[in-house]
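Q: Next up, upload_32.cif (mmCIF, C-alpha atoms).
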data_final
#
loop_
_atom_site.label_atom_id
_atom_site.label_comp_id
_atom_site.auth_asym_id
_atom_site.auth_seq_id
_atom_site.Cartn_x
_atom_site.Cartn_y
_atom_site.Cartn_z
CA MET A 1234 50.02 45.21 182.67
CA LYS A 1235 50.97 48.81 183.19
CA SER A 1236 47.65 49.86 181.68
CA ALA A 1237 45.85 47.52 184.06
CA LEU A 1238 47.51 49.31 186.97
CA PHE A 1239 46.47 52.64 185.48
CA ALA A 1240 42.92 51.34 185.23
CA VAL A 1241 42.95 50.25 188.88
CA ALA A 1242 44.23 53.67 189.88
CA LEU A 1243 41.47 55.22 187.82
CA VAL A 1244 38.82 53.19 189.64
CA ALA A 1245 40.31 54.22 192.97
CA ALA A 1246 40.12 57.83 191.82
CA ALA A 1247 36.52 57.35 190.75
CA PHE A 1248 35.59 55.88 194.15
CA ALA A 1249 37.43 58.69 195.92
CA ALA A 1250 35.52 61.18 193.82
CA ALA A 1251 32.27 59.40 194.73
CA ALA A 1252 33.11 59.82 198.40
CA ILE A 1253 33.78 63.56 198.32
CA ASN A 1254 31.85 64.83 195.33
CA PRO A 1255 28.09 65.21 194.98
CA ALA A 1256 28.07 64.32 191.28
CA PRO A 1257 30.45 61.42 190.66
CA ASP A 1258 28.39 59.87 187.87
CA ARG A 1259 29.00 62.92 185.74
CA GLN A 1260 32.75 62.71 186.24
CA VAL A 1261 32.81 59.02 185.41
CA ARG A 1262 30.82 59.70 182.25
CA ALA A 1263 33.33 62.41 181.36
CA ALA A 1264 36.15 59.92 181.79
CA GLU A 1265 34.34 57.41 179.59
CA ALA A 1266 33.96 60.08 176.92
CA ALA A 1267 37.66 60.88 177.09
CA LEU A 1268 38.48 57.20 176.61
CA SER A 1269 36.50 56.83 173.42
CA GLN A 1270 36.47 60.16 171.61
CA GLY A 1271 37.92 61.13 168.31
CA ARG A 1272 39.03 58.29 166.07
CA PRO A 1273 37.91 58.34 162.43
CA GLU A 1274 34.94 56.15 161.59
CA TYR A 1275 33.99 55.16 158.04
CA ASP A 1276 30.72 53.77 156.80
CA SER A 1277 30.37 50.68 154.58
CA ARG A 1278 31.03 52.80 151.49
CA GLY A 1279 34.24 54.21 152.97
CA ARG A 1280 32.77 57.61 153.69
CA LEU A 1281 33.92 59.44 156.80
CA VAL A 1282 31.26 59.69 159.50
CA ALA A 1283 30.88 63.23 160.87
CA PRO A 1284 31.97 63.20 164.54
CA SER A 1285 29.14 64.33 166.80
CA ASP A 1286 31.26 65.40 169.76
CA TYR A 1287 34.05 67.44 168.16
CA ARG A 1288 33.03 70.59 170.08
CA GLU A 1289 34.26 68.82 173.21
CA TRP A 1290 37.67 68.00 171.75
CA VAL A 1291 40.73 70.17 172.39
CA PHE A 1292 40.48 73.60 170.77
CA LEU A 1293 43.53 74.48 168.67
CA SER A 1294 42.62 77.99 167.60
CA SER A 1295 40.11 80.24 165.93
CA GLY A 1296 40.76 82.53 162.99
CA PHE A 1297 38.70 85.47 161.79
CA ASP A 1298 37.83 85.92 158.12
CA MET A 1299 40.59 83.53 157.03
CA SER A 1300 39.34 81.86 153.90
CA TYR A 1301 40.57 78.31 153.43
CA ASN A 1302 38.01 77.86 150.68
CA GLU A 1303 36.47 79.89 147.90
CA GLN A 1304 34.05 81.69 150.19
CA THR A 1305 35.50 85.10 150.90
CA ALA A 1306 34.31 87.49 153.55
CA THR A 1307 32.79 90.81 152.65
CA PRO A 1308 32.61 93.94 154.81
CA ASP A 1309 29.12 92.95 155.92
CA SER A 1310 29.72 89.23 156.33
CA HIS A 1311 32.25 87.70 158.67
CA GLN A 1312 33.20 84.22 159.69
CA PHE A 1313 35.28 82.42 162.27
CA SER A 1314 37.26 79.21 161.73
CA ASN A 1315 37.53 76.97 164.81
CA VAL A 1316 39.84 73.96 164.78
CA PHE A 1317 39.59 70.99 167.15
CA ALA A 1318 41.71 67.87 167.76
CA PRO A 1319 40.85 64.78 169.81
CA ARG A 1320 42.48 64.79 173.23
CA ALA A 1321 44.56 61.66 172.59
CA ALA A 1322 45.93 63.10 169.34
CA TYR A 1323 46.67 66.42 171.07
CA ASP A 1324 48.48 64.67 173.92
CA SER A 1325 50.52 62.71 171.41
CA PHE A 1326 51.45 65.87 169.50
CA LYS A 1327 52.67 67.46 172.73
CA GLN A 1328 55.02 64.50 173.21
CA THR A 1329 56.25 64.07 169.66
CA GLY A 1330 55.57 67.27 167.70
CA ILE A 1331 53.70 65.30 165.04
CA TRP A 1332 50.20 63.87 164.66
CA PRO A 1333 49.69 60.17 165.38
CA ASP A 1334 48.04 57.89 162.83
CA LYS A 1335 44.21 58.10 162.93
CA THR A 1336 44.23 61.78 163.88
CA ILE A 1337 41.13 63.65 162.79
CA LEU A 1338 41.20 67.45 162.83
CA ILE A 1339 37.91 69.29 162.47
CA LEU A 1340 37.57 72.76 160.94
CA GLU A 1341 34.28 74.42 161.85
CA ILE A 1342 33.39 77.64 160.04
CA ARG A 1343 30.87 79.75 161.94
CA GLY A 1344 29.10 82.95 161.15
CA GLY A 1345 30.16 86.13 162.92
CA SER A 1346 27.88 88.88 164.14
CA GLY A 1347 28.15 92.19 165.91
CA LEU A 1348 24.44 92.48 166.62
CA GLY A 1349 23.60 92.11 170.27
CA SER A 1350 27.17 92.63 171.37
CA ILE A 1351 27.64 94.47 174.65
CA THR A 1352 30.34 96.52 172.96
CA GLU A 1353 30.15 98.96 170.11
CA ALA A 1354 32.58 96.98 168.02
CA GLY A 1355 33.70 93.41 167.71
CA GLN A 1356 32.30 90.15 166.45
CA PHE A 1357 31.13 87.04 168.23
CA GLN A 1358 30.29 83.59 166.87
CA THR A 1359 26.73 82.71 166.01
CA GLY A 1360 24.77 79.46 165.93
CA GLN A 1361 25.22 79.25 162.17
CA VAL A 1362 27.72 76.54 161.16
CA VAL A 1363 28.65 77.59 157.62
CA ALA A 1364 30.87 74.61 156.88
CA LEU A 1365 32.36 71.57 158.61
CA GLU A 1366 35.50 69.95 157.25
CA ALA A 1367 37.89 67.22 158.35
CA HIS A 1368 41.56 66.49 157.77
CA VAL A 1369 42.32 62.86 158.60
CA LYS A 1370 45.63 61.05 158.97
CA ASP A 1371 45.18 57.41 158.03
CA ILE A 1372 48.41 56.15 156.61
CA ASP A 1373 47.17 52.89 155.12
CA ARG A 1374 44.13 54.49 153.56
CA PHE A 1375 45.24 57.79 151.98
CA GLU A 1376 47.92 58.77 149.47
CA GLY A 1377 50.42 60.90 151.34
CA GLY A 1378 48.82 59.78 154.60
CA TRP A 1379 46.08 62.42 154.83
CA GLY A 1380 42.61 62.90 153.38
CA PHE A 1381 40.27 65.90 153.31
CA PHE A 1382 36.50 65.77 153.76
CA SER A 1383 33.69 68.31 153.71
CA PHE A 1384 30.48 67.35 155.52
CA ASP A 1385 27.15 68.42 154.09
CA ASN A 1386 24.52 68.79 156.82
CA GLY A 1387 26.17 66.17 159.00
CA ALA A 1388 26.04 63.37 156.42
CA ALA A 1389 28.99 61.00 155.95
CA ALA A 1390 31.43 62.44 153.39
CA GLU A 1391 33.43 61.05 150.48
CA ARG A 1392 37.12 61.91 150.46
CA ILE A 1393 37.84 65.05 148.46
CA ALA A 1394 39.78 64.12 145.30
CA TYR A 1395 43.55 64.28 145.61
CA ASP A 1396 43.82 66.87 142.84
CA ALA A 1397 41.85 69.44 144.87
CA ALA A 1398 43.69 72.59 145.91
CA CYS A 1399 43.59 71.79 149.63
CA TYR A 1400 46.14 68.97 149.26
CA ALA A 1401 48.66 71.03 147.31
CA CYS A 1402 48.23 74.10 149.53
CA HIS A 1403 48.67 72.17 152.78
CA GLN A 1404 51.65 70.30 151.32
CA ALA A 1405 53.34 73.53 150.26
CA ASN A 1406 52.49 75.86 153.15
CA ALA A 1407 51.62 73.99 156.32
CA ALA A 1408 54.20 74.11 159.09
CA VAL A 1409 53.98 70.53 160.40
CA ASP A 1410 52.90 67.26 158.81
CA THR A 1411 50.73 69.10 156.23
CA THR A 1412 48.79 70.84 159.03
CA PHE A 1413 48.73 74.58 159.70
CA VAL A 1414 50.41 74.45 163.09
CA GLN A 1415 51.67 78.00 162.47
CA PHE A 1416 48.13 79.09 163.39
CA TYR A 1417 47.85 76.91 166.55
CA PRO A 1418 49.65 78.93 169.21
CA THR A 1419 49.95 76.24 171.87
CA LEU A 1420 51.44 73.73 169.40
CA LEU A 1421 53.83 75.90 167.37
CA PRO A 1422 56.45 76.24 170.14
CA ILE A 1423 56.30 72.47 170.73
CA ALA A 1424 56.97 71.76 167.06
CA ALA A 1425 59.81 74.30 167.09
CA ARG A 1426 61.40 72.67 170.15
CA LEU A 1427 60.99 69.14 168.80
CA GLU A 1428 62.22 70.25 165.37
CA THR A 1429 59.26 69.00 163.41
CA LEU A 1430 58.66 72.20 161.46
CA SER A 1431 58.76 71.52 157.73
CA PRO A 1432 61.81 72.67 155.74
CA ALA A 1433 59.51 74.64 153.43
CA TYR A 1434 57.98 76.49 156.37
CA LEU A 1435 61.35 77.18 157.93
CA ALA A 1436 62.68 78.52 154.63
CA SER A 1437 59.67 80.75 154.00
CA SER A 1438 59.57 84.43 154.74
CA ASP A 1439 56.03 84.00 156.02
CA GLN A 1440 56.86 82.55 159.40
CA VAL A 1441 54.30 83.89 161.80
CA ALA A 1442 55.06 86.44 164.51
CA HIS A 1443 54.92 84.96 168.00
CA MET B 788 26.06 52.23 194.01
CA LYS B 789 25.22 53.47 190.58
CA SER B 790 28.59 55.23 190.45
CA ALA B 791 30.32 51.99 191.43
CA LEU B 792 28.69 50.31 188.45
CA PHE B 793 29.82 53.13 186.22
CA ALA B 794 33.33 52.69 187.55
CA VAL B 795 33.25 48.98 186.80
CA ALA B 796 32.02 49.70 183.29
CA LEU B 797 34.84 52.20 182.91
CA VAL B 798 37.44 49.61 183.88
CA ALA B 799 35.95 47.17 181.43
CA ALA B 800 36.18 49.87 178.77
CA ALA B 801 39.80 50.56 179.72
CA PHE B 802 40.67 46.87 179.45
CA ALA B 803 38.86 46.61 176.12
CA ALA B 804 40.82 49.62 174.90
CA ALA B 805 44.04 47.98 176.08
CA ALA B 806 43.21 44.90 174.03
CA ILE B 807 42.56 46.67 170.73
CA ASN B 808 44.46 49.94 170.94
CA PRO B 809 48.24 50.42 170.67
CA ALA B 810 48.35 53.31 173.15
CA PRO B 811 45.98 52.56 176.04
CA ASP B 812 48.12 54.25 178.69
CA ARG B 813 47.60 57.57 176.98
CA GLN B 814 43.85 57.13 176.90
CA VAL B 815 43.74 56.14 180.55
CA ARG B 816 45.79 59.20 181.43
CA ALA B 817 43.33 61.30 179.43
CA ALA B 818 40.47 59.80 181.43
CA GLU B 819 42.28 60.56 184.69
CA ALA B 820 42.73 64.14 183.57
CA ALA B 821 39.03 64.41 182.75
CA LEU B 822 38.19 63.17 186.25
CA SER B 823 40.23 65.81 188.05
CA GLN B 824 40.31 68.91 185.87
CA GLY B 825 38.86 72.29 186.50
CA ARG B 826 37.75 72.98 190.05
CA PRO B 827 38.84 76.28 191.62
CA GLU B 828 41.86 76.13 193.89
CA TYR B 829 42.77 78.87 196.35
CA ASP B 830 46.07 79.46 198.09
CA SER B 831 46.47 80.05 201.85
CA ARG B 832 45.69 83.74 201.36
CA GLY B 833 42.46 82.95 199.51
CA ARG B 834 43.83 83.90 196.12
CA LEU B 835 42.68 81.91 193.08
CA VAL B 836 45.39 79.70 191.59
CA ALA B 837 45.68 80.09 187.81
CA PRO B 838 44.69 76.77 186.22
CA SER B 839 47.50 75.34 184.13
CA ASP B 840 45.41 73.13 181.88
CA TYR B 841 42.54 75.38 180.83
CA ARG B 842 43.49 75.13 177.14
CA GLU B 843 42.39 71.49 177.31
CA TRP B 844 38.96 72.33 178.78
CA VAL B 845 35.86 72.64 176.61
CA PHE B 846 35.97 75.65 174.27
CA LEU B 847 32.85 77.82 174.51
CA SER B 848 33.63 80.40 171.84
CA SER B 849 36.04 82.99 170.54
CA GLY B 850 35.25 86.61 169.85
CA PHE B 851 37.19 89.08 167.73
CA ASP B 852 37.95 92.59 168.99
CA MET B 853 35.26 92.38 171.66
CA SER B 854 36.48 94.45 174.57
CA TYR B 855 35.36 93.22 177.96
CA ASN B 856 37.82 95.59 179.53
CA GLU B 857 39.23 99.04 178.91
CA GLN B 858 41.64 97.87 176.22
CA THR B 859 40.11 98.73 172.88
CA ALA B 860 41.31 97.48 169.55
CA THR B 861 42.76 99.83 166.99
CA PRO B 862 42.89 99.34 163.23
CA ASP B 863 46.42 98.00 163.55
CA SER B 864 45.94 95.94 166.69
CA HIS B 865 43.50 93.08 167.05
CA GLN B 866 42.68 90.57 169.71
CA PHE B 867 40.71 87.39 170.18
CA SER B 868 38.84 86.36 173.32
CA ASN B 869 38.70 82.58 173.93
CA VAL B 870 36.48 81.17 176.67
CA PHE B 871 36.87 77.72 178.23
CA ALA B 872 34.86 75.70 180.77
CA PRO B 873 35.85 72.51 182.59
CA ARG B 874 34.28 69.40 181.06
CA ALA B 875 32.28 68.50 184.17
CA ALA B 876 30.81 72.01 184.39
CA TYR B 877 30.01 71.94 180.67
CA ASP B 878 28.31 68.55 180.95
CA SER B 879 26.28 69.82 183.89
CA PHE B 880 25.21 72.94 181.96
CA LYS B 881 24.01 70.74 179.10
CA GLN B 882 21.77 68.90 181.57
CA THR B 883 20.47 71.84 183.59
CA GLY B 884 21.02 75.06 181.61
CA ILE B 885 22.90 76.58 184.52
CA TRP B 886 26.43 76.39 185.90
CA PRO B 887 27.07 74.09 188.88
CA ASP B 888 28.74 75.41 192.03
CA LYS B 889 32.56 75.51 191.72
CA THR B 890 32.44 76.32 188.01
CA ILE B 891 35.47 78.24 186.77
CA LEU B 892 35.27 79.92 183.38
CA ILE B 893 38.50 81.18 181.82
CA LEU B 894 38.71 84.12 179.42
CA GLU B 895 41.96 84.17 177.46
CA ILE B 896 42.71 87.28 175.41
CA ARG B 897 45.20 86.62 172.61
CA GLY B 898 46.84 88.83 170.08
CA GLY B 899 45.72 88.65 166.47
CA SER B 900 47.94 88.88 163.41
CA GLY B 901 47.58 88.79 159.66
CA LEU B 902 51.30 88.41 159.01
CA GLY B 903 52.20 85.00 157.66
CA SER B 904 48.65 84.15 156.77
CA ILE B 905 48.19 82.07 153.66
CA THR B 906 45.39 84.39 152.66
CA GLU B 907 45.45 88.04 151.75
CA ALA B 908 43.03 88.93 154.53
CA GLY B 909 42.02 87.57 157.88
CA GLN B 910 43.52 87.27 161.32
CA PHE B 911 44.84 84.30 163.27
CA GLN B 912 45.74 83.99 166.95
CA THR B 913 49.33 84.47 168.05
CA GLY B 914 51.40 83.13 170.94
CA GLN B 915 50.86 86.38 172.85
CA VAL B 916 48.44 85.96 175.76
CA VAL B 917 47.40 89.56 176.45
CA ALA B 918 45.26 88.80 179.49
CA LEU B 919 43.91 85.84 181.44
CA GLU B 920 40.78 86.22 183.57
CA ALA B 921 38.51 83.92 185.55
CA HIS B 922 34.85 84.00 186.54
CA VAL B 923 34.22 81.59 189.41
CA LYS B 924 30.98 80.33 190.91
CA ASP B 925 31.52 79.54 194.57
CA ILE B 926 28.29 80.14 196.41
CA ASP B 927 29.61 80.02 199.96
CA ARG B 928 32.57 82.24 199.17
CA PHE B 929 31.34 85.10 196.97
CA GLU B 930 28.58 87.68 197.30
CA GLY B 931 26.05 86.91 194.61
CA GLY B 932 27.75 83.56 194.07
CA TRP B 933 30.40 84.63 191.57
CA GLY B 934 33.84 86.25 191.74
CA PHE B 935 36.08 87.74 189.03
CA PHE B 936 39.85 87.41 188.88
CA SER B 937 42.59 88.68 186.60
CA PHE B 938 45.86 86.75 186.56
CA ASP B 939 49.12 88.61 186.20
CA ASN B 940 51.78 86.42 184.58
CA GLY B 941 50.27 83.24 185.94
CA ALA B 942 50.44 84.28 189.60
CA ALA B 943 47.55 83.54 191.98
CA ALA B 944 45.03 86.39 191.92
CA GLU B 945 43.01 88.29 194.51
CA ARG B 946 39.31 88.57 193.83
CA ILE B 947 38.44 91.76 191.97
CA ALA B 948 36.46 94.10 194.25
CA TYR B 949 32.70 93.78 194.05
CA ASP B 950 32.28 97.40 192.98
CA ALA B 951 34.22 96.81 189.75
CA ALA B 952 32.30 97.26 186.52
CA CYS B 953 32.49 93.59 185.53
CA TYR B 954 30.04 92.54 188.26
CA ALA B 955 27.39 95.13 187.36
CA CYS B 956 27.79 94.55 183.62
CA HIS B 957 27.46 90.77 183.87
CA GLN B 958 24.52 91.13 186.24
CA ALA B 959 22.71 93.47 183.87
CA ASN B 960 23.55 91.99 180.48
CA ALA B 961 24.55 88.34 180.69
CA ALA B 962 22.01 85.85 179.37
CA VAL B 963 22.36 83.07 181.97
CA ASP B 964 23.50 83.05 185.58
CA THR B 965 25.58 86.25 185.08
CA THR B 966 27.52 84.60 182.22
CA PHE B 967 27.49 85.69 178.58
CA VAL B 968 25.86 82.56 177.20
CA GLN B 969 24.48 84.68 174.33
CA PHE B 970 28.01 84.46 172.89
CA TYR B 971 28.41 80.67 173.39
CA PRO B 972 26.60 79.16 170.42
CA THR B 973 26.45 75.55 171.61
CA LEU B 974 24.99 76.58 174.99
CA LEU B 975 22.49 79.30 174.03
CA PRO B 976 19.92 76.89 172.51
CA ILE B 977 20.20 74.68 175.59
CA ALA B 978 19.47 77.60 177.91
CA ALA B 979 16.56 78.63 175.68
CA ARG B 980 15.10 75.11 175.78
CA LEU B 981 15.58 74.74 179.53
CA GLU B 982 14.23 78.26 180.11
CA THR B 983 17.20 79.53 182.08
CA LEU B 984 17.66 82.74 180.08
CA SER B 985 17.50 85.75 182.38
CA PRO B 986 14.39 87.95 182.32
CA ALA B 987 16.58 90.96 181.56
CA TYR B 988 18.12 89.22 178.55
CA LEU B 989 14.73 88.03 177.29
CA ALA B 990 13.33 91.54 177.61
CA SER B 991 16.24 93.21 175.86
CA SER B 992 16.24 94.20 172.23
CA ASP B 993 19.82 92.96 171.97
CA GLN B 994 19.10 89.26 171.75
CA VAL B 995 21.65 87.80 169.43
CA ALA B 996 20.89 86.52 165.95
CA HIS B 997 21.08 82.73 165.69
#
Re-express the file's structure as C-alpha cells.

A:
Amino acid sequence: MKSALFAVALVAAAFAAAAINPAPDRQVRAAEAALSQGRPEYDSRGRLVAPSDYREWVFLSSGFDMSYNEQTATPDSHQFSNVFAPRAAYDSFKQTGIWPDKTILILEIRGGSGLGSITEAGQFQTGQVVALEAHVKDIDRFEGGWGFFSFDNGAAAERIAYDAACYACHQANAAVDTTFVQFYPTLLPIAARLETLSPAYLASSDQVAH
Amino acid sequence: MKSALFAVALVAAAFAAAAINPAPDRQVRAAEAALSQGRPEYDSRGRLVAPSDYREWVFLSSGFDMSYNEQTATPDSHQFSNVFAPRAAYDSFKQTGIWPDKTILILEIRGGSGLGSITEAGQFQTGQVVALEAHVKDIDRFEGGWGFFSFDNGAAAERIAYDAACYACHQANAAVDTTFVQFYPTLLPIAARLETLSPAYLASSDQVAH
C-alpha cells in the first residue's frame, strides 16, 4: 500500500513536470529506466546476459593501470578500470553497508591514450573496451554467494570456474562482502561507519589512505 | 497527452514491480530521483548551488593526470578527473548530439594513490576530492550560453569571469558545444554520427584515437 502511495506521488510529479518542463517524456522514460535497470538475467543455458545499459548505472570508481587480470600495462600501453553498480543496489549499500542479493557489478576495462589531449601529459579513456567483466551476488545460485563472468564481445557468459584466482583473491583481500570497496571512495566511509569491513581487511596493513 | 500515457504506463510498471519485487519502495524512490535530478539551482545572489547528488548522475569518463587547471601532477602526486552529467541531459545528448539548455556537467578531481593496492603498480581513487567544478549551459543567463564555476568546500559559487582561460580553451578545443566530448567515449561516436562535432575539432590534427 505504501508503494502504491509512492506510485501516485510519482505520477503527480510526472504531471507537474509535464506542466513546467518542455521535455517531460524524456524524464518519464528516465524514471522507467531507473525502475527496471540492473538485475542479473540468465539465458536458458544459465549464462549471464551482458547488461546493455551499465554505462548509465552508478559509477563506483576508476583505476589506472590496475591489473585485476593477467594483462599488465607497459610504459606505452595504459588502461582504465571503471566499475558500475545498479542504482537500486547502490542505494541499498548506502543503507546497509553490504550488497543486496541480485547485485551485479560491472568492471569495464578501457584503453588509455595521451594522443589528442589538450595537455602535454595525462591519459584519457578511449572508445576501446578491452574487457568487460561481472561480479554477481545470487545467493541461491552461486557457492559463496557470488559468481564471476567475463563477456566476450557482448555474448552471454558462462560462470568462471570457482577455482579461478579471482574468487580466492576477492575472498582474501576485498574490504566488504568479497568486493573491493577499498577502491570505491564514496562507499568505503559508509562501510566503515556501518562496520561491514571484513576482519581480514581491518587486520591488514594495506588499508588504503583516505 | 503522450506524457500522460507514459505516466500511466509508469504507474503500471511500478505496480507490477510491487507485485514481484521485495523492495518496490526503493525502486520508486530511485525513479523519483531520476525525475528530479540535475538541473542548475542558483541562490538569491545568483551563485550556483553545488549539487549534492552528482555522484549518482551518469559517468562520462575519468582521466588520469590531465590538468584542466594550473595544478600539475608530479611523479609522486597523481589525480583523476571524473565527469558526470544528469541523466536527462545525457539522454537528450544521445538523441541530438548536443547538450540541452540547463545542462550541468560536473568535473570532480580526486587524489590518486597506489598504497594499499592489490597490485604492484597502478593507481586508484582516494576519498580526497581535490576540486569540484561545474560547466553550466543556461542560454538566457550566460554569454555564449555556458558558465564555469569552481566550488570551494561545497559552498555556492560565483560564475568564473568570462576572461578566464577556461572559456577560451573550451571554445577553441572542445569537440562539441564547448564541451570536451573527445574525452567521453560513449558520446563521441554519437556526435560523429549526428554531425555535431565542431569545425575546429574536425580540422585539428589532434582528433583522438578511437

Q: So that I can see what lies close to B:Gly934, please list as a ChimeraX atom specification the residues with an atom at most 8 Å from it, counting only C-alpha atoms and leaving out residues fewer than 2 positions away in the same chain.

A: /B:922-925,929-930,932,936,946-947,949

Q: Find the smallest box with edges along x, y and z containing every listed atom of stretch 1340-1345 of chain A, then add 8 Å on each side and report centre and edge lengths in Å to one decimal, as JSON.

A:
{"center_x": 33.3, "center_y": 79.4, "center_z": 161.5, "size_x": 24.5, "size_y": 29.4, "size_z": 18.9}

Q: Between A:Ala1407, A:Ile1372, A:Leu1338, A:Ala1388, single out the one closest to chain B, counting all atoms listed in the file.

A: A:Ala1407

Q: Between A:Gly1271, A:Pro1284, A:Gly1360, A:Gly1344, single out the one closest to A:Asp1298, counting all atoms listed in the file.

A: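 Of A:Gly1271, A:Pro1284, A:Gly1360, A:Gly1344, the one nearest A:Asp1298, counting all atoms listed in the file, is A:Gly1344.
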
Q: Quick one: pull the distance between atom CA of B:Ala979 and atom CA of A:Arg1288, Å, one decimal.

A: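 About the pair atom CA of B:Ala979 and atom CA of A:Arg1288: they are 19.2 Å apart.
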
Q: Fewer than 5 positions away in the same chain doesn't count, so skip those; otherwise give me all residues within 12 Å of B:Arg928, counting all atoms listed in the file, as a VMD selection string.

A: chain B and resid 827 829 833 to 835 888 to 889 923 933 to 934 946

Q: Please evaluate the PyMOL selection byres ((chain A and resi 1330) around 10) against the displayed coordinates and give the resulting residues as an MDAnalysis selection string.

A: chainID A and resid 1323:1329 1331:1333 1409:1410 1414 1420:1430
